[in-house]
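S.K.: So here's entry-v4.cif (mmCIF, C-alpha atoms and all ligand atoms).
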data_target
loop_
_atom_site.label_atom_id
_atom_site.label_comp_id
_atom_site.auth_asym_id
_atom_site.auth_seq_id
_atom_site.Cartn_x
_atom_site.Cartn_y
_atom_site.Cartn_z
CA MET A 609 13.13 14.61 33.42
CA PRO A 610 14.11 18.16 32.32
CA LEU A 611 13.87 18.67 28.55
CA ASN A 612 17.30 19.97 27.58
CA LEU A 613 19.77 19.30 24.78
CA LYS A 614 21.22 16.33 26.65
CA THR A 615 17.86 14.56 27.10
CA LEU A 616 16.81 15.42 23.53
CA THR A 617 19.94 13.90 22.05
CA ALA A 618 19.44 10.86 24.30
CA ILE A 619 16.12 10.04 22.53
CA ARG A 620 16.74 7.08 20.24
CA PHE A 621 15.20 7.88 16.87
CA ASP A 622 15.91 4.37 15.66
CA GLY A 623 14.07 2.59 18.51
CA TRP A 624 10.88 0.73 17.53
CA LYS A 625 8.64 2.87 19.75
CA MET A 626 9.93 6.05 18.12
CA ARG A 627 9.47 4.50 14.67
CA HIS A 628 5.84 3.65 15.50
CA LEU A 629 5.22 7.18 16.75
CA ILE A 630 6.81 8.87 13.73
CA THR A 631 4.96 6.59 11.28
CA LEU A 632 1.69 7.25 13.09
CA ILE A 633 2.23 11.03 12.89
CA LEU A 634 3.15 10.74 9.20
CA ALA A 635 0.01 8.65 8.55
CA GLY A 636 -2.16 11.22 10.39
CA VAL A 637 -0.68 14.29 8.67
CA GLY A 638 -0.78 12.61 5.25
CA THR A 639 -4.40 11.52 5.65
CA TYR A 640 -5.36 15.04 6.73
CA ALA A 641 -3.63 16.53 3.66
CA PHE A 642 -5.46 14.10 1.33
CA LEU A 643 -8.71 14.90 3.11
CA GLU A 644 -8.26 18.64 2.59
CA SER A 645 -7.43 18.15 -1.08
CA ARG A 646 -10.96 16.96 -1.88
CA ALA A 647 -13.18 19.37 0.02
CA GLU A 648 -15.87 19.25 -2.70
CA TRP A 649 -16.59 15.53 -2.27
CA SER A 650 -19.07 13.99 0.19
CA ALA A 651 -17.63 13.00 3.58
CA MET A 652 -17.73 9.26 2.78
CA HIS A 653 -15.76 9.61 -0.49
CA ARG A 654 -13.33 12.14 1.04
CA TRP A 655 -12.53 9.92 4.00
CA ASN A 656 -12.31 6.60 2.26
CA ARG A 657 -10.15 8.06 -0.52
CA ALA A 658 -7.86 9.94 1.88
CA VAL A 659 -7.30 6.83 4.00
CA GLY A 660 -6.89 4.61 0.89
CA ASP A 661 -4.39 7.06 -0.63
CA MET A 662 -2.31 7.26 2.55
CA SER A 663 -2.35 3.47 2.83
CA LEU A 664 -1.05 3.27 -0.74
CA VAL A 665 1.72 5.81 -0.06
CA LEU A 666 2.95 3.97 3.05
CA ILE A 667 2.94 0.58 1.30
CA ALA A 668 4.68 2.12 -1.75
CA LEU A 669 7.43 3.53 0.49
CA ALA A 670 7.80 0.18 2.25
CA MET A 671 8.15 -1.42 -1.20
CA ALA A 672 10.72 1.18 -2.29
CA PHE A 673 13.05 0.85 0.73
CA GLY A 674 14.39 -2.59 -0.30
CA PRO A 675 15.56 -1.69 -3.84
CA LEU A 676 16.64 1.80 -2.68
CA SER A 677 18.97 0.44 -0.03
CA ARG A 678 20.38 -2.05 -2.51
CA LEU A 679 21.12 0.79 -4.95
CA VAL A 680 22.51 3.16 -2.29
CA PRO A 681 24.04 0.96 0.44
CA LYS A 682 24.86 4.04 2.57
CA ILE A 683 21.15 4.46 3.41
CA ARG A 684 20.62 0.81 4.31
CA GLY A 685 19.37 2.05 7.70
CA ILE A 686 15.97 2.89 6.17
CA MET A 687 15.21 -0.83 5.93
CA VAL A 688 14.15 -0.93 9.59
CA TRP A 689 11.24 1.40 8.71
CA ARG A 690 9.74 -1.12 6.30
CA ARG A 691 7.92 -2.98 9.05
CA GLU A 692 6.15 0.08 10.56
CA PHE A 693 5.24 1.55 7.15
CA GLY A 694 3.79 -1.81 6.09
CA ILE A 695 1.82 -2.27 9.33
CA TYR A 696 0.26 1.22 9.30
CA GLY A 697 -0.42 0.93 5.56
CA VAL A 698 -2.45 -2.23 6.22
CA LEU A 699 -4.23 -0.70 9.25
CA LEU A 700 -5.29 2.26 7.09
CA ALA A 701 -6.53 -0.17 4.41
CA ILE A 702 -8.75 -1.81 7.07
CA VAL A 703 -10.19 1.63 7.97
CA HIS A 704 -10.68 2.28 4.21
CA LEU A 705 -12.75 -0.92 3.98
CA VAL A 706 -14.81 -0.16 7.10
CA ILE A 707 -15.72 3.31 5.75
CA ILE A 708 -16.90 1.71 2.50
CA LEU A 709 -18.90 -0.98 4.33
CA ALA A 710 -20.57 1.48 6.70
CA GLY A 711 -20.86 4.59 4.52
CA TRP A 712 -21.20 3.36 0.95
CA ILE A 713 -22.92 -0.04 0.86
CA GLU A 714 -24.33 0.17 4.42
CA TRP A 715 -23.35 -3.42 5.28
CA ASP A 716 -25.36 -4.86 2.36
CA LEU A 717 -22.33 -7.02 1.53
CA ILE A 718 -23.53 -8.32 -1.82
CA GLN A 719 -23.22 -4.78 -3.20
CA LEU A 720 -19.45 -5.06 -2.76
CA PHE A 721 -19.50 -7.58 -5.60
CA GLY A 722 -21.37 -5.30 -7.98
CA TYR A 723 -24.99 -6.31 -7.26
CA GLN A 724 -27.84 -3.82 -6.71
CA PHE A 725 -31.28 -4.41 -5.25
CA HIS A 726 -33.97 -4.41 -7.96
CA PRO A 727 -37.41 -2.91 -7.06
CA GLN A 728 -38.99 -6.25 -8.03
CA GLY A 729 -37.35 -7.83 -5.00
CA PHE A 730 -34.11 -9.44 -6.14
CA TYR A 731 -30.47 -8.51 -6.70
CA VAL A 732 -29.09 -7.82 -10.18
CA MET A 733 -25.51 -7.43 -11.35
CA THR A 734 -25.00 -3.83 -12.42
CA GLN A 735 -21.33 -3.02 -11.80
CA GLN A 736 -19.01 -5.81 -12.87
CA GLY A 737 -15.92 -3.58 -12.71
CA PHE A 738 -16.72 -2.35 -9.20
CA GLY A 739 -17.20 -5.95 -8.04
CA LEU A 740 -13.93 -7.19 -9.56
CA ALA A 741 -11.92 -4.23 -8.23
CA ASN A 742 -13.33 -4.84 -4.74
CA VAL A 743 -12.49 -8.54 -4.87
CA ILE A 744 -8.92 -7.61 -5.85
CA GLY A 745 -8.86 -5.11 -2.95
CA LEU A 746 -10.14 -7.79 -0.53
CA ILE A 747 -7.49 -10.31 -1.62
CA ALA A 748 -4.83 -7.59 -1.26
CA LEU A 749 -6.09 -6.76 2.21
CA VAL A 750 -6.07 -10.38 3.42
CA TYR A 751 -2.57 -10.78 2.00
CA GLY A 752 -1.49 -7.51 3.62
CA ILE A 753 -2.86 -8.61 7.02
CA VAL A 754 -0.93 -11.92 6.78
CA LEU A 755 2.28 -10.02 5.93
CA ALA A 756 1.74 -7.43 8.69
CA VAL A 757 1.00 -10.09 11.34
CA SER A 758 4.00 -12.15 10.27
CA SER A 759 6.39 -9.20 10.26
CA SER A 760 7.19 -9.41 13.99
CA ASN A 761 10.40 -10.86 15.46
CA TRP A 762 8.25 -13.48 17.19
CA SER A 763 6.77 -14.84 13.92
CA GLN A 764 10.23 -14.67 12.34
CA ARG A 765 11.41 -17.04 15.09
CA VAL A 766 8.34 -19.31 14.86
CA LEU A 767 8.30 -19.59 11.05
CA GLY A 768 12.05 -19.88 10.69
CA GLY A 769 14.29 -17.75 8.43
CA PRO A 770 13.67 -19.22 4.93
CA VAL A 771 9.84 -19.53 5.28
CA TRP A 772 9.58 -16.04 6.77
CA LYS A 773 11.75 -14.56 4.01
CA PHE A 774 9.72 -16.30 1.30
CA LEU A 775 6.50 -14.88 2.77
CA GLN A 776 7.85 -11.34 3.05
CA GLN A 777 9.43 -11.41 -0.42
CA SER A 778 6.08 -12.23 -1.98
CA SER A 779 4.98 -8.70 -0.99
CA TYR A 780 5.42 -7.88 -4.71
CA VAL A 781 2.18 -9.77 -5.35
CA LEU A 782 0.43 -7.60 -2.76
CA TRP A 783 1.82 -4.48 -4.46
CA MET A 784 0.59 -5.57 -7.89
CA LEU A 785 -2.92 -6.26 -6.53
CA ILE A 786 -3.02 -2.81 -4.92
CA VAL A 787 -1.83 -1.14 -8.13
CA VAL A 788 -4.57 -2.82 -10.22
CA HIS A 789 -7.24 -2.03 -7.58
CA THR A 790 -6.27 1.66 -7.35
CA ALA A 791 -5.81 2.09 -11.12
CA TYR A 792 -9.37 0.88 -11.67
CA PHE A 793 -10.83 3.50 -9.32
CA LEU A 794 -8.57 6.31 -10.54
CA TYR A 795 -8.92 5.79 -14.29
CA LEU A 796 -11.96 3.65 -15.07
CA HIS A 797 -14.70 3.50 -12.48
CA PHE A 798 -15.96 7.09 -12.72
CA GLN A 799 -16.45 7.03 -16.48
CA ASP A 800 -19.80 6.63 -18.14
CA TYR A 801 -21.28 7.40 -21.52
CA HIS A 802 -24.85 7.96 -20.37
CA LYS A 803 -24.34 9.78 -17.02
CA SER A 804 -22.48 12.96 -16.09
CA VAL A 805 -19.09 12.07 -14.65
CA PRO A 806 -16.98 13.87 -12.01
CA ASP A 807 -13.77 15.73 -12.94
CA PRO A 808 -10.74 13.44 -13.28
CA ASN A 809 -9.20 12.51 -9.92
CA TRP A 810 -6.14 14.73 -9.29
CA ALA A 811 -4.31 11.65 -7.96
CA GLN A 812 -4.06 10.10 -11.47
CA TRP A 813 -0.65 11.57 -12.36
CA PRO A 814 0.93 11.30 -8.87
CA PHE A 815 -0.18 7.65 -8.82
CA ALA A 816 1.43 6.97 -12.21
CA VAL A 817 4.69 8.64 -11.02
CA LEU A 818 4.65 6.66 -7.75
CA VAL A 819 4.09 3.30 -9.45
CA GLY A 820 6.67 4.16 -12.15
CA GLY A 821 9.18 5.21 -9.46
CA VAL A 822 8.81 1.95 -7.52
CA LEU A 823 9.16 -0.01 -10.77
CA LEU A 824 12.32 1.90 -11.80
CA LEU A 825 13.89 1.27 -8.39
CA GLN A 826 13.07 -2.43 -8.65
CA ILE A 827 14.56 -2.66 -12.15
CA GLY A 828 17.66 -0.70 -11.02
CA ALA A 829 18.20 -2.96 -8.01
CA PHE A 830 17.67 -6.05 -10.16
CA VAL A 831 20.25 -4.90 -12.74
CA LYS A 832 22.75 -3.98 -9.99
CA THR A 833 22.38 -7.38 -8.28
CA TRP A 834 22.64 -9.21 -11.61
CA ARG A 835 25.80 -7.27 -12.60
CA SER A 836 27.51 -7.83 -9.25
CA ARG A 837 26.63 -11.58 -9.32
CA ARG A 838 27.94 -11.84 -12.89
CA GLY A 839 31.12 -10.00 -11.84
CA THR A 840 31.60 -12.38 -8.90
CA SER A 841 31.00 -15.54 -10.96
CA SER A 842 33.36 -14.40 -13.78
CA THR A 843 36.12 -13.58 -11.24
CA SER A 844 35.67 -16.95 -9.54
CA GLY A 845 35.69 -18.58 -13.03
CA ARG A 846 39.01 -16.89 -13.80
CA ALA A 847 40.34 -17.95 -10.42
CA VAL A 848 39.55 -21.59 -11.25
CA LYS A 849 41.19 -21.36 -14.71
CA THR A 850 44.51 -19.92 -13.47
C1 LIG A 901 -4.46 -3.06 0.81
C2 LIG A 901 -5.70 -2.80 0.49
C3 LIG A 901 -6.20 -1.56 -0.20
C4 LIG A 901 -5.56 -0.41 -0.61
C5 LIG A 901 -4.10 -0.04 -0.42
C6 LIG A 901 -6.54 0.43 -1.25
C7 LIG A 901 -6.27 1.67 -1.80
C8 LIG A 901 -7.17 2.42 -2.53
C9 LIG A 901 -6.88 3.66 -3.19
C10 LIG A 901 -5.53 4.34 -3.20
C11 LIG A 901 -8.01 4.09 -3.80
C12 LIG A 901 -8.17 5.34 -4.68
C13 LIG A 901 -8.44 6.54 -3.81
C14 LIG A 901 -8.68 7.78 -4.64
O1 LIG A 901 -9.66 7.84 -5.38
O2 LIG A 901 -7.85 8.71 -4.55
C15 LIG A 901 -9.05 3.15 -3.50
C16 LIG A 901 -10.36 3.28 -3.89
C17 LIG A 901 -11.35 2.44 -3.51
N1 LIG A 901 -11.19 1.25 -2.83
FE1 LIG A 901 -9.49 0.50 -2.03
N2 LIG A 901 -7.76 -0.19 -1.21
C18 LIG A 901 -7.59 -1.40 -0.57
C19 LIG A 901 -8.57 -2.33 -0.29
C20 LIG A 901 -9.90 -2.16 -0.58
C21 LIG A 901 -10.96 -3.06 -0.22
C22 LIG A 901 -10.76 -4.34 0.61
C23 LIG A 901 -12.12 -2.54 -0.71
C24 LIG A 901 -13.52 -3.08 -0.60
C25 LIG A 901 -13.82 -4.32 -0.68
C26 LIG A 901 -11.80 -1.32 -1.40
C27 LIG A 901 -12.71 -0.52 -2.06
C28 LIG A 901 -12.43 0.68 -2.68
C29 LIG A 901 -13.43 1.55 -3.28
C30 LIG A 901 -14.95 1.30 -3.32
C31 LIG A 901 -12.76 2.66 -3.80
C32 LIG A 901 -13.37 3.89 -4.50
C33 LIG A 901 -13.40 5.00 -3.45
C34 LIG A 901 -14.19 6.26 -3.85
O3 LIG A 901 -14.29 6.58 -5.03
O4 LIG A 901 -14.70 6.95 -2.95
N3 LIG A 901 -10.45 -1.10 -1.27
N4 LIG A 901 -8.52 2.12 -2.75
#
Translate this structure into structure tokens?

M.R.:
Amino acid sequence: MPLNLKTLTAIRFDGWKMRHLITLILAGVGTYAFLESRAEWSAMHRWNRAVGDMSLVLIALAMAFGPLSRLVPKIRGIMVWRREFGIYGVLLAIVHLVIILAGWIEWDLIQLFGYQFHPQGFYVMTQQGFGLANVIGLIALVYGIVLAVSSSNWSQRVLGGPVWKFLQQSSYVLWMLIVVHTAYFLYLHFQDYHKSVPDPNWAQWPFAVLVGGVLLLQIGAFVKTWRSRRGTSSTSGRAVKT
């Protein structure tokens, strides 16, 4: 097919295939940008952080679309992107985990929970915070996989409207787990009083702005919904009285 203005305008930017492609490109470009931003770190840290950061950004955007479209109904069309952003966010989180398993703890799974091998031949607990943050990350990931798998039209039909909606609406729990997990690694993990510590992670402030932004949108949408419901119930109350 010749590539002219007619064929270009015939491409449906709102079709699901196009949405997958655009989200994939966004995920690739974003990961590359995060990767370049930390050239001084070892390959393992650079990659797992870049992939983790991009996963966080995609999931944050997916979380923001709901309240945003409630606040600005004109852009309600963005809601269809929630599914793809969520799915690729979870896929990147899986890659993030695999890099940590292969490159950091080298498949010695007990290390994920904060244990280290002692020269005398047994494991000792040395990093409680690391273990807890990883457990939170694992729970978030399992939850994210369940949400991503159940976000198809097929599972919507199988589960039925109310059950499906309940499952998807509990994505706030997933978001909170991810926020706690990331905050630990950005603000707490690389701090020590008896070892030299790396420079603060540049992502600390952007992360705070991102989390604050999502929270503000959620509060705004909540207040708007509450006001409009109150308006509706007071008008219907007046209607009954008259
Ligand atoms: C939905 C799931 C997850 C998301 C969105 C996520 C996201 C993130 C983010 C954004 C960071 C901070 C990156 C930075 O320093 O800039 C991070 C760090 C980290 N995450 Fe996750 N994570 C998830 C699941 C997991 C799981 C399952 C594990 C392991 C069990 C894990 C282990 C780690 C570790 C070890 C770090 C520190 C990385 C480093 O300093 O190199 N994460 N994660």

S.K.: Any chance you could tabulate, as CSV, the residues of chain A at most 6 Å from ligand LIG 901 (chain A) with each one's nearest atom pair and distance in Å to one decimal, using all atoms listed in the file, in chain and rising number order?

M.R.:
residue,atom,partner,partner_atom,distance
A:His653,CA,A:LIG901,O4,3.8
A:Asn656,CA,A:LIG901,O4,5.7
A:Arg657,CA,A:LIG901,C13,4.0
A:Gly660,CA,A:LIG901,C7,4.0
A:Asp661,CA,A:LIG901,C10,3.9
A:Ser663,CA,A:LIG901,C5,5.1
A:Leu664,CA,A:LIG901,C5,4.5
A:Val698,CA,A:LIG901,C1,5.8
A:Ala701,CA,A:LIG901,C2,4.8
A:Leu705,CA,A:LIG901,C23,5.0
A:Asn742,CA,A:LIG901,C25,4.1
A:Gly745,CA,A:LIG901,C19,3.9
A:Leu746,CA,A:LIG901,C22,3.7
A:Ala748,CA,A:LIG901,C1,5.0
A:Leu749,CA,A:LIG901,C1,4.3
A:Ile786,CA,A:LIG901,C5,5.4
A:Thr790,CA,A:LIG901,C11,4.6
A:Phe793,CA,A:LIG901,C16,5.5
A:Leu794,CA,A:LIG901,O1,5.5
A:Ala811,CA,A:LIG901,O2,5.7

S.K.: Set the distance at 9 Å and use only C-alpha atoms: which residues neighbour A:Asn809 once local chain neighbours fewer than 3 positions away are removed? I'd like the list as a CSV table (one decimal) with C-alpha atoms, in the coordinates of the input.

M.R.:
chain,number,residue,atom,x,y,z
A,794,LEU,CA,-8.6,6.3,-10.5
A,795,TYR,CA,-8.9,5.8,-14.3
A,806,PRO,CA,-17.0,13.9,-12.0
A,812,GLN,CA,-4.1,10.1,-11.5
A,813,TRP,CA,-0.6,11.6,-12.4

S.K.: At a cut-off of 10 Å, using only C-alpha atoms, what residues contact A:Thr833? Leave out same-chain residues fewer than 4 positions from it and give the result as JSON, numbers by chain.

M.R.: {"A": [675, 678, 679, 827, 828, 829, 837, 838, 839]}

S.K.: Can you write out the residues you just picked, keeping C-alpha atoms, as a compact mmCIF listing (two decimals), keeping the file's coordinate frame?

M.R.:
# COMPACT_ATOMS: atom_id res chain seq x y z
CA PRO A 675 15.56 -1.69 -3.84
CA ARG A 678 20.38 -2.05 -2.51
CA LEU A 679 21.12 0.79 -4.95
CA ILE A 827 14.56 -2.66 -12.15
CA GLY A 828 17.66 -0.70 -11.02
CA ALA A 829 18.20 -2.96 -8.01
CA ARG A 837 26.63 -11.58 -9.32
CA ARG A 838 27.94 -11.84 -12.89
CA GLY A 839 31.12 -10.00 -11.84

S.K.: Between atom CA of A:Leu669 and atom CA of A:Leu629, what is the spacing in Å?

M.R.: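 Going from atom CA of A:Leu629 over to atom CA of A:Leu669 covers 16.8 Å.
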
S.K.: For A:Phe815, which of A:Ala791, A:Phe798, A:Val750, A:Tyr731 is the closest residue, counting all atoms listed in the file?

M.R.: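 Under the stated criterion, the closest residue is A:Ala791.
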